[in-house]
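A short write-up of the structure that comes next.
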There are 2 protein chains.
Amino acid sequence: MNQPAEGPRVALAQINPTVGDIDGNAELVARWAERARDADADLVVFGELSLPGYPAEDLYLKPHFARANVVALSELAKQTEGIAALVGFAEPAAVRGDRRRDGPAPRPVHNSLALLEGGEVTAVHRKNRLPNYGVFDEVRYFEPGSEPLVREIDGVRVGLTICEDLWEEGPPGSLEADAGARLIVNASGSPYLRGKGADREEMFAARARAYGVPIAFCNLVGGQDELVFDGHSFVVDATGEVIARAKQFEEDLLVYELGGDAGRLEQPLGDLEEVYAALTLGVRDYVRKNGFERALVGLSGGIDSALVALIAADALGADRLTCVVMPSPHSSDATQKDARMIARNLGAELIELPIEAAMRAYGETLGDAWSGAGLAAENVQARIRGNLLMALSNDRGALVLTTGNKSEMSVGYATLYGDMAGGLAVLKDVPKQLVYELVRHRNARSGQDLVPPSVIDRAPSAELRADQLDEDSLPPYELLDRVLEGYIERDLSREQLVGEGLPGETVDEVIALVDRAEYKRRQAPPGIRITSKAFGRDRRLPITNRFSG
Amino acid sequence: MNQPAEGPRVALAQINPTVGDIDGNAELVARWAERARDADADLVVFGELSLPGYPAEDLYLKPHFARANVVALSELAKQTEGIAALVGFAEPAAVRGDRRRDGPAPRPVHNSLALLEGGEVTAVHRKNRLPNYGVFDEVRYFEPGSEPLVREIDGVRVGLTICEDLWEEGPPGSLEADAGARLIVNASGSPYLRGKGADREEMFAARARAYGVPIAFCNLVGGQDELVFDGHSFVVDATGEVIARAKQFEEDLLVYELGGDAGRLEQPLGDLEEVYAALTLGVRDYVRKNGFERALVGLSGGIDSALVALIAADALGADRLTCVVMPSPHSSDATQKDARMIARNLGAELIELPIEAAMRAYGETLGDAWSGAGLAAENVQARIRGNLLMALSNDRGALVLTTGNKSEMSVGYATLYGDMAGGLAVLKDVPKQLVYELVRHRNARSGQDLVPPSVIDRAPSAELRADQLDEDSLPPYELLDRVLEGYIERDLSREQLVGEGLPGETVDEVIALVDRAEYKRRQAPPGIRITSKAFGRDRRLPITNRFSG
């Protein structure tokens, strides 16, 4: 174990930058650097690629985007006096070639961390290890660095790393420890998934013990399309103990003194609290960062739209939420009454738009050209509702939140351009069983039934024909969710699923439904990722595909 | 230059496999191997990953998928007697680890080429160079090989390469030439873009001259979601001359004898013929491989839907095409007459569904809840049409082809869930100016005005309000398309575009429109790629993004 040292005071600035907003992000960095200096910190650390935002995807391929962030970095260096700062930026790669038409090209930038001291950039660490799995495509954008970097800051040798650099043992972290680092800083953009905060603490603890060096992990916070960065920055000492921990899902400044004041130790959120907070932040930031003031939710009286309304009200405030109830002749009085009550309980605006007149108009217009029955007729109803919500959205500039859950998105139990119409699919990665748990959790937290018990107890129904129940078309959700977890999240084969005791007939049915629904998911709005395999960047399957199982 | 040799007779089997259809692809390979043997070939070459299909995306991550294709390969080896065969397959990588939850993992497979001889797999070449730019994500899936491979086949030393292995000078191609290869075979899955066939011939000619070795390039053919593989397999001799060339956009067997019979030399298609053929094959294969029998097109009387109807009729036969005309009070008699005439000229089924009754129903239902005017009211009309087409689609099991062109998709001049509703966006990568050229080309080819001149001459209009013209909302298409080509295909900045003589005000307007429409494109159906930067896998931008220019 390397000798424990004293000082410097390190501030982890857990900020919420916006992708592409280089000037805004620079201002944010400057402001938090000032706060850190006011807290007597010697060094302030920001998350990965804080300046350009992360992940900025193909923006990193635009040379003028990288140039703009380099200009902002130089300006920032002049502004951060009296404190050293580590700021993530996209560093133009030294060797640049023209990007050949449909041909290989040198990556245009490094994923880098700049050390700003005394008005200048005095050192730059380039990320060595580039994740290119799951939601990550870093080999598409970044030229990897190949060197460790240890710098003396306030008289103490500090090793610099960026996210994945420390996720496996070995260089650059091990080399920095060998080179006498007394502290390793890790600037990360590590997106949330359920339970990942605990995984990270465990992983960094193992690394700290192996290297005999404390590690200070600073993560981003905030929503970016499908991803939510959960913050949850922390410091582990050289024995692997977590000695300081920042808040989850909000901006925070965590100050820690090497060999001195350990800093604040926030209590981690419970499992359901954590998921609920991720969804809430995901909605809030998608709405805010895309310039919307209001959101719209179609309330059916079912559990899914109830949860979306709860989350939206928590994310935006009930005064910025409009609930729309759209009864048809197949809607029951009970569900409509529940829908109205949820809107009232939340204190949100309520609009009622019966769809029977539009249903009749479609029937008359289509006349002999169609059968007027079956799935086609059911989908027309869902699409009328989608159109009504979109008409209100276009008219008021409000974002439509869709309400389908992961179980439905998996098996395609949803109408494309109908209930799938909207800007953000809040529950796209939330399985049906978890929807119930989250509603119960939120009801319990508020100490009142914001969502009436009848909504929780009623058997799920799409109400697109008389006496319809989800279980007429699908296996019971408890069984369905088990098959889906194995097939989607763990990529198990039919044989492995049956080997786990799941009924073969159900497995076959579910696999066929999941595979067939790929074209629907391709046109679905983005959703907020909370599992290890979300639909979207995380799971990329061809539509044209004859493999099953 | 290595000594010219005589023999073997090499057959390039340019086949059209289907992603995931391992058994069907194995049968296809066996059948074409037999054809090659019947043509007295000693060696038959198939395209990249012919057995599992390409690109199979995250299917490659499923261990049981790779296992199934290995079983099929062994079976195939037994079936291909009397001829050596080179067959692309996904080869399970030797070192396998559990895929960690949201963590790095060893790539599960190699992108490999197996040599089948005498009932066995006698050699395997692993792709050394993995493209990970543009539409390619091979670093996500494949563990690269690091060795060249030269094998003696029929007494002649043959070097094996896979696609990108030869796109740059250097290993493995150069090492194979150094090791005395008398012929280098390149098994490819190289997707089409406009003019790429000529690019490839030039590039392989340069390589053949540099190495002093002839190169036999065998490509896949067929549509796979966004991509069209164009075939266009060929042989260049050691001086860089193309001495044999297969057909474009259809299956073909090209036989060439080293030092002997040069083989057939097909004439390459002209520019517009080539683009038209790509779109036609893309539509045909998307429909066929996804199990549809029929397609539906909404005909407005405008140029875009006219072109889609032409392509669909050529791809599927007019008897499998239904044209739907959906007039509103804003539709002119002239456009409706033209729409009917196009359907008649093609001999396709025609359905007429006026949308006025549905418009009225939405107006009455929304009542005081909306303004009933502006964009919201225009979008309702487009969405009624989308719903009508989808009702017919659901009722008949026919695929809806959408008609928006690339210029419209770029600036968001389209209604999400309205005219964007459908399974395949045929013209998503075809700029407006090229739409006109393709219609004129197709009219000329048939020697009659399948599309009436009035459709070509009329100023474009969405006909969603009285006297509306596209040019009321957008710059003239000629100017618009120039800005888009620079901004999208060449990733130029605002300053560079203005530097090319484009008016600054227009540039600013177009850039703002393109950036703002990202959320629409994310929910658009897949389209057929014909340019070097298609919307989809090729251009990946965040929705939440404040960078502009």
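All residue names refer to the structure tokens as shown: chains lettered A, B, ... in order, residues numbered from 1 in each chain, ligands numbered from 1 in order.
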
Can you build me a table of chain A residues sitting at most 7 Å from chain B, with the closest atom pair per residue and its distance in Å to one decimal, using only C-alpha atoms, sorted by chain and residue number, as JSON lines?
{"residue": "A:Val19", "atom": "CA", "partner": "B:Asn545", "partner_atom": "CA", "distance": 5.1}
{"residue": "A:Gly20", "atom": "CA", "partner": "B:Phe547", "partner_atom": "CA", "distance": 4.2}
{"residue": "A:Asp21", "atom": "CA", "partner": "B:Arg546", "partner_atom": "CA", "distance": 4.9}
{"residue": "A:Ala56", "atom": "CA", "partner": "B:Pro542", "partner_atom": "CA", "distance": 6.3}
{"residue": "A:Glu57", "atom": "CA", "partner": "B:Leu541", "partner_atom": "CA", "distance": 5.6}
{"residue": "A:Asp58", "atom": "CA", "partner": "B:Leu541", "partner_atom": "CA", "distance": 5.4}
{"residue": "A:Leu59", "atom": "CA", "partner": "B:Leu541", "partner_atom": "CA", "distance": 6.7}
{"residue": "A:Lys62", "atom": "CA", "partner": "B:Asp491", "partner_atom": "CA", "distance": 6.3}
{"residue": "A:His64", "atom": "CA", "partner": "B:Ser493", "partner_atom": "CA", "distance": 6.5}
{"residue": "A:Arg101", "atom": "CA", "partner": "B:Ser532", "partner_atom": "CA", "distance": 6.2}
{"residue": "A:Asp102", "atom": "CA", "partner": "B:Ser532", "partner_atom": "CA", "distance": 6.0}
{"residue": "A:Pro104", "atom": "CA", "partner": "B:Pro131", "partner_atom": "CA", "distance": 6.6}
{"residue": "A:Pro131", "atom": "CA", "partner": "B:Pro104", "partner_atom": "CA", "distance": 6.6}
{"residue": "A:Asn132", "atom": "CA", "partner": "B:Arg140", "partner_atom": "CA", "distance": 5.7}
{"residue": "A:Tyr133", "atom": "CA", "partner": "B:Arg140", "partner_atom": "CA", "distance": 5.6}
{"residue": "A:Gly134", "atom": "CA", "partner": "B:Asp102", "partner_atom": "CA", "distance": 6.6}
{"residue": "A:Arg140", "atom": "CA", "partner": "B:Tyr133", "partner_atom": "CA", "distance": 5.6}
{"residue": "A:Gln224", "atom": "CA", "partner": "B:Thr544", "partner_atom": "CA", "distance": 6.4}
{"residue": "A:Asp225", "atom": "CA", "partner": "B:Thr544", "partner_atom": "CA", "distance": 6.1}
{"residue": "A:Lys289", "atom": "CA", "partner": "B:Thr544", "partner_atom": "CA", "distance": 6.3}
{"residue": "A:Asn290", "atom": "CA", "partner": "B:Thr544", "partner_atom": "CA", "distance": 5.8}
{"residue": "A:Leu353", "atom": "CA", "partner": "B:Thr365", "partner_atom": "CA", "distance": 6.1}
{"residue": "A:Pro354", "atom": "CA", "partner": "B:Thr365", "partner_atom": "CA", "distance": 6.9}
{"residue": "A:Ala357", "atom": "CA", "partner": "B:Ala361", "partner_atom": "CA", "distance": 5.8}
{"residue": "A:Ala358", "atom": "CA", "partner": "B:Ala361", "partner_atom": "CA", "distance": 5.0}
{"residue": "A:Ala361", "atom": "CA", "partner": "B:Ala358", "partner_atom": "CA", "distance": 5.0}
{"residue": "A:Tyr362", "atom": "CA", "partner": "B:Ala358", "partner_atom": "CA", "distance": 6.2}
{"residue": "A:Thr365", "atom": "CA", "partner": "B:Leu353", "partner_atom": "CA", "distance": 6.1}
{"residue": "A:Leu366", "atom": "CA", "partner": "B:Leu353", "partner_atom": "CA", "distance": 6.7}
{"residue": "A:Trp370", "atom": "CA", "partner": "B:Asp395", "partner_atom": "CA", "distance": 6.3}
{"residue": "A:Ser371", "atom": "CA", "partner": "B:Asp395", "partner_atom": "CA", "distance": 6.8}
{"residue": "A:Leu375", "atom": "CA", "partner": "B:Asn394", "partner_atom": "CA", "distance": 6.9}
{"residue": "A:Ala376", "atom": "CA", "partner": "B:Asn394", "partner_atom": "CA", "distance": 5.0}
{"residue": "A:Val380", "atom": "CA", "partner": "B:Ala391", "partner_atom": "CA", "distance": 6.6}
{"residue": "A:Arg383", "atom": "CA", "partner": "B:Asn387", "partner_atom": "CA", "distance": 6.7}
{"residue": "A:Asn387", "atom": "CA", "partner": "B:Arg383", "partner_atom": "CA", "distance": 6.7}
{"residue": "A:Ala391", "atom": "CA", "partner": "B:Ala376", "partner_atom": "CA", "distance": 5.2}
{"residue": "A:Leu392", "atom": "CA", "partner": "B:Trp370", "partner_atom": "CA", "distance": 6.3}
{"residue": "A:Asn394", "atom": "CA", "partner": "B:Ala376", "partner_atom": "CA", "distance": 5.0}
{"residue": "A:Asp395", "atom": "CA", "partner": "B:Ala376", "partner_atom": "CA", "distance": 5.3}
{"residue": "A:Tyr417", "atom": "CA", "partner": "B:Tyr417", "partner_atom": "CA", "distance": 5.3}
{"residue": "A:Asp491", "atom": "CA", "partner": "B:Lys62", "partner_atom": "CA", "distance": 6.3}
{"residue": "A:Ser493", "atom": "CA", "partner": "B:His64", "partner_atom": "CA", "distance": 6.5}
{"residue": "A:Gln523", "atom": "CA", "partner": "B:Gln523", "partner_atom": "CA", "distance": 4.3}
{"residue": "A:Ala524", "atom": "CA", "partner": "B:Gln523", "partner_atom": "CA", "distance": 5.9}
{"residue": "A:Pro525", "atom": "CA", "partner": "B:Gln523", "partner_atom": "CA", "distance": 6.2}
{"residue": "A:Ser532", "atom": "CA", "partner": "B:Asp102", "partner_atom": "CA", "distance": 6.0}
{"residue": "A:Arg539", "atom": "CA", "partner": "B:Asp58", "partner_atom": "CA", "distance": 6.7}
{"residue": "A:Arg540", "atom": "CA", "partner": "B:Asp58", "partner_atom": "CA", "distance": 5.4}
{"residue": "A:Leu541", "atom": "CA", "partner": "B:Asp58", "partner_atom": "CA", "distance": 5.4}
{"residue": "A:Pro542", "atom": "CA", "partner": "B:Ala56", "partner_atom": "CA", "distance": 6.3}
{"residue": "A:Ile543", "atom": "CA", "partner": "B:Asp225", "partner_atom": "CA", "distance": 6.6}
{"residue": "A:Thr544", "atom": "CA", "partner": "B:Asn290", "partner_atom": "CA", "distance": 5.8}
{"residue": "A:Asn545", "atom": "CA", "partner": "B:Val19", "partner_atom": "CA", "distance": 5.1}
{"residue": "A:Arg546", "atom": "CA", "partner": "B:Gly20", "partner_atom": "CA", "distance": 4.7}
{"residue": "A:Phe547", "atom": "CA", "partner": "B:Gly20", "partner_atom": "CA", "distance": 4.2}

Quiz item: Which neighbours of Glu509 of chain A fall inside 9 Å, counting only C-alpha atoms, when residues of the same chain fewer than 4 positions from it are skipped, and could you give them as a PyMOL selection string?
Solution: chain A and resi 474-475+504-505+513-514

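Residues surrounding Thr161 of chain A within 9 Å are Leu113, His125, Arg126, Lys127, Asn128, Pro148, Leu149, Asp165, Leu166, Pro172, Gly173, Ile184, Val185, Asn186, Ala187 and Ser188 of chain A [only C-alpha atoms; sequence separation below 4 positions excluded].
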
Only all heavy atoms, please: the residues just picked out, written as a compact mmCIF listing (two decimals), in the first residue's frame.
# COMPACT_ATOMS: atom_id res chain seq x y z
N LEU A 113 -9.15 14.34 -20.35
CA LEU A 113 -9.35 15.05 -19.10
C LEU A 113 -8.21 16.05 -18.97
O LEU A 113 -7.04 15.67 -18.94
CB LEU A 113 -9.32 14.05 -17.94
CG LEU A 113 -9.72 14.51 -16.55
CD1 LEU A 113 -11.19 14.96 -16.52
CD2 LEU A 113 -9.53 13.36 -15.55
N HIS A 125 -4.92 13.91 -19.75
CA HIS A 125 -4.97 12.44 -19.77
C HIS A 125 -5.97 11.99 -20.82
O HIS A 125 -7.08 12.51 -20.89
CB HIS A 125 -5.37 11.88 -18.41
CG HIS A 125 -5.62 10.39 -18.44
ND1 HIS A 125 -4.60 9.48 -18.64
CD2 HIS A 125 -6.75 9.66 -18.35
CE1 HIS A 125 -5.10 8.25 -18.65
NE2 HIS A 125 -6.40 8.33 -18.48
N ARG A 126 -5.56 11.02 -21.64
CA ARG A 126 -6.45 10.46 -22.68
C ARG A 126 -6.96 9.11 -22.23
O ARG A 126 -6.18 8.24 -21.86
CB ARG A 126 -5.68 10.31 -23.99
CG ARG A 126 -5.25 11.64 -24.54
CD ARG A 126 -4.34 11.50 -25.75
NE ARG A 126 -3.97 12.84 -26.19
CZ ARG A 126 -2.90 13.11 -26.94
NH1 ARG A 126 -2.12 12.14 -27.36
NH2 ARG A 126 -2.65 14.36 -27.28
N LYS A 127 -8.26 8.94 -22.32
CA LYS A 127 -8.87 7.67 -21.91
C LYS A 127 -8.21 6.52 -22.66
O LYS A 127 -8.12 6.54 -23.89
CB LYS A 127 -10.37 7.72 -22.20
CG LYS A 127 -11.18 6.60 -21.59
CD LYS A 127 -12.69 6.85 -21.83
CE LYS A 127 -13.58 5.87 -21.11
NZ LYS A 127 -15.02 6.17 -21.32
N ASN A 128 -7.73 5.54 -21.93
CA ASN A 128 -7.05 4.38 -22.53
C ASN A 128 -8.04 3.32 -23.01
O ASN A 128 -7.86 2.70 -24.04
CB ASN A 128 -6.12 3.73 -21.51
CG ASN A 128 -4.86 4.51 -21.20
OD1 ASN A 128 -3.86 3.96 -20.79
ND2 ASN A 128 -4.86 5.83 -21.38
N PRO A 148 -0.48 6.08 -18.86
CA PRO A 148 -1.02 6.54 -17.58
C PRO A 148 -0.59 8.00 -17.40
O PRO A 148 0.25 8.48 -18.16
CB PRO A 148 -0.30 5.65 -16.57
CG PRO A 148 1.01 5.34 -17.22
CD PRO A 148 0.75 5.30 -18.70
N LEU A 149 -1.20 8.68 -16.43
CA LEU A 149 -0.75 10.05 -16.15
C LEU A 149 -0.82 10.32 -14.65
O LEU A 149 -1.89 10.20 -14.04
CB LEU A 149 -1.59 11.09 -16.91
CG LEU A 149 -1.13 12.53 -16.73
CD1 LEU A 149 0.27 12.76 -17.29
CD2 LEU A 149 -2.10 13.50 -17.39
N ASP A 165 -11.28 3.26 -17.73
CA ASP A 165 -9.85 3.06 -17.40
C ASP A 165 -9.66 2.23 -16.14
O ASP A 165 -8.64 1.56 -15.99
CB ASP A 165 -9.17 4.43 -17.18
CG ASP A 165 -8.75 5.11 -18.48
OD1 ASP A 165 -8.74 4.45 -19.53
OD2 ASP A 165 -8.44 6.32 -18.42
N LEU A 166 -10.62 2.30 -15.23
CA LEU A 166 -10.49 1.58 -13.96
C LEU A 166 -11.43 0.38 -13.84
O LEU A 166 -11.44 -0.29 -12.81
CB LEU A 166 -10.76 2.52 -12.78
CG LEU A 166 -9.65 3.46 -12.28
CD1 LEU A 166 -10.06 4.09 -10.96
CD2 LEU A 166 -8.33 2.72 -12.09
N PRO A 172 -4.54 1.86 -17.27
CA PRO A 172 -3.49 2.74 -16.76
C PRO A 172 -3.45 2.81 -15.23
O PRO A 172 -2.45 3.27 -14.68
CB PRO A 172 -3.86 4.10 -17.34
CG PRO A 172 -5.35 4.04 -17.42
CD PRO A 172 -5.71 2.63 -17.74
N GLY A 173 -4.52 2.33 -14.54
CA GLY A 173 -4.59 2.49 -13.09
C GLY A 173 -3.41 1.84 -12.37
O GLY A 173 -2.77 2.44 -11.51
N ILE A 184 -6.02 8.16 -6.79
CA ILE A 184 -6.41 8.06 -8.20
C ILE A 184 -7.78 8.68 -8.35
O ILE A 184 -8.71 8.36 -7.61
CB ILE A 184 -6.41 6.59 -8.70
CG1 ILE A 184 -4.98 6.04 -8.69
CG2 ILE A 184 -7.00 6.50 -10.10
CD1 ILE A 184 -4.85 4.60 -9.14
N VAL A 185 -7.87 9.62 -9.30
CA VAL A 185 -9.14 10.28 -9.58
C VAL A 185 -9.75 9.60 -10.79
O VAL A 185 -9.06 9.29 -11.76
CB VAL A 185 -8.89 11.77 -9.87
CG1 VAL A 185 -10.08 12.39 -10.57
CG2 VAL A 185 -8.58 12.51 -8.57
N ASN A 186 -11.05 9.36 -10.73
CA ASN A 186 -11.75 8.76 -11.87
C ASN A 186 -12.91 9.68 -12.27
O ASN A 186 -13.89 9.81 -11.53
CB ASN A 186 -12.26 7.36 -11.51
CG ASN A 186 -12.90 6.65 -12.70
OD1 ASN A 186 -14.09 6.75 -12.92
ND2 ASN A 186 -12.09 5.97 -13.49
N ALA A 187 -12.79 10.31 -13.44
CA ALA A 187 -13.85 11.17 -13.96
C ALA A 187 -14.73 10.32 -14.87
O ALA A 187 -14.26 9.79 -15.86
CB ALA A 187 -13.26 12.34 -14.74
N SER A 188 -16.01 10.19 -14.52
CA SER A 188 -16.86 9.22 -15.21
C SER A 188 -18.11 9.82 -15.83
O SER A 188 -18.57 10.89 -15.41
CB SER A 188 -17.30 8.12 -14.22
OG SER A 188 -16.35 7.10 -14.13

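Nearest residue to Glu91 of chain A, choosing from A:Lys78, A:Arg67, A:Arg442, A:Arg37 and counting only C-alpha atoms: A:Arg67.
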
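Here atom CA of Leu484 of chain A and atom CA of Ala414 of chain A stand 16.2 Å from one another.
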
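The residue set within 8 Å of Thr335 of chain A, counting only C-alpha atoms and dropping same-chain residues fewer than 2 places from it, reads Ser300, Gly301, Gly302, Ser331, Ser332, Asp333, Lys337, Asp338, Ala339 and Val455 of chain A.
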
Practice problem: Select from segment 331-529 of chain A everything DSSP, run on the backbone, classes as helix (DSSP H, G or I), then give the selection as a ChimeraX atom specification. | Solution: /A:333-346,356-369,374-396,406-411,432-446,453-457,470-473,477-489,494-499,504-516,518-522

Exercise. Would you please extract all strand (DSSP E or B) residues from segment 236-325 of chain A, as assigned by DSSP on the backbone, and give them as a PyMOL selection string?
Key: chain A and resi 236+242-245+248+252-257+265+295-298+321-325

Exercise. Could you please determine the separation between atom CA of Ser410 of chain A and atom CA of Asp481 of chain A in Å, to one decimal place?
Key: 9.7 Å

Practice problem: Excluding segment 240-245 of chain B and any residue of its chain fewer than 4 positions from it, enumerate the residues within 6 Å of it, using only C-alpha atoms, and give them as an MDAnalysis selection string. | Solution: chainID B and resid 205 208:209 233:236 262:266
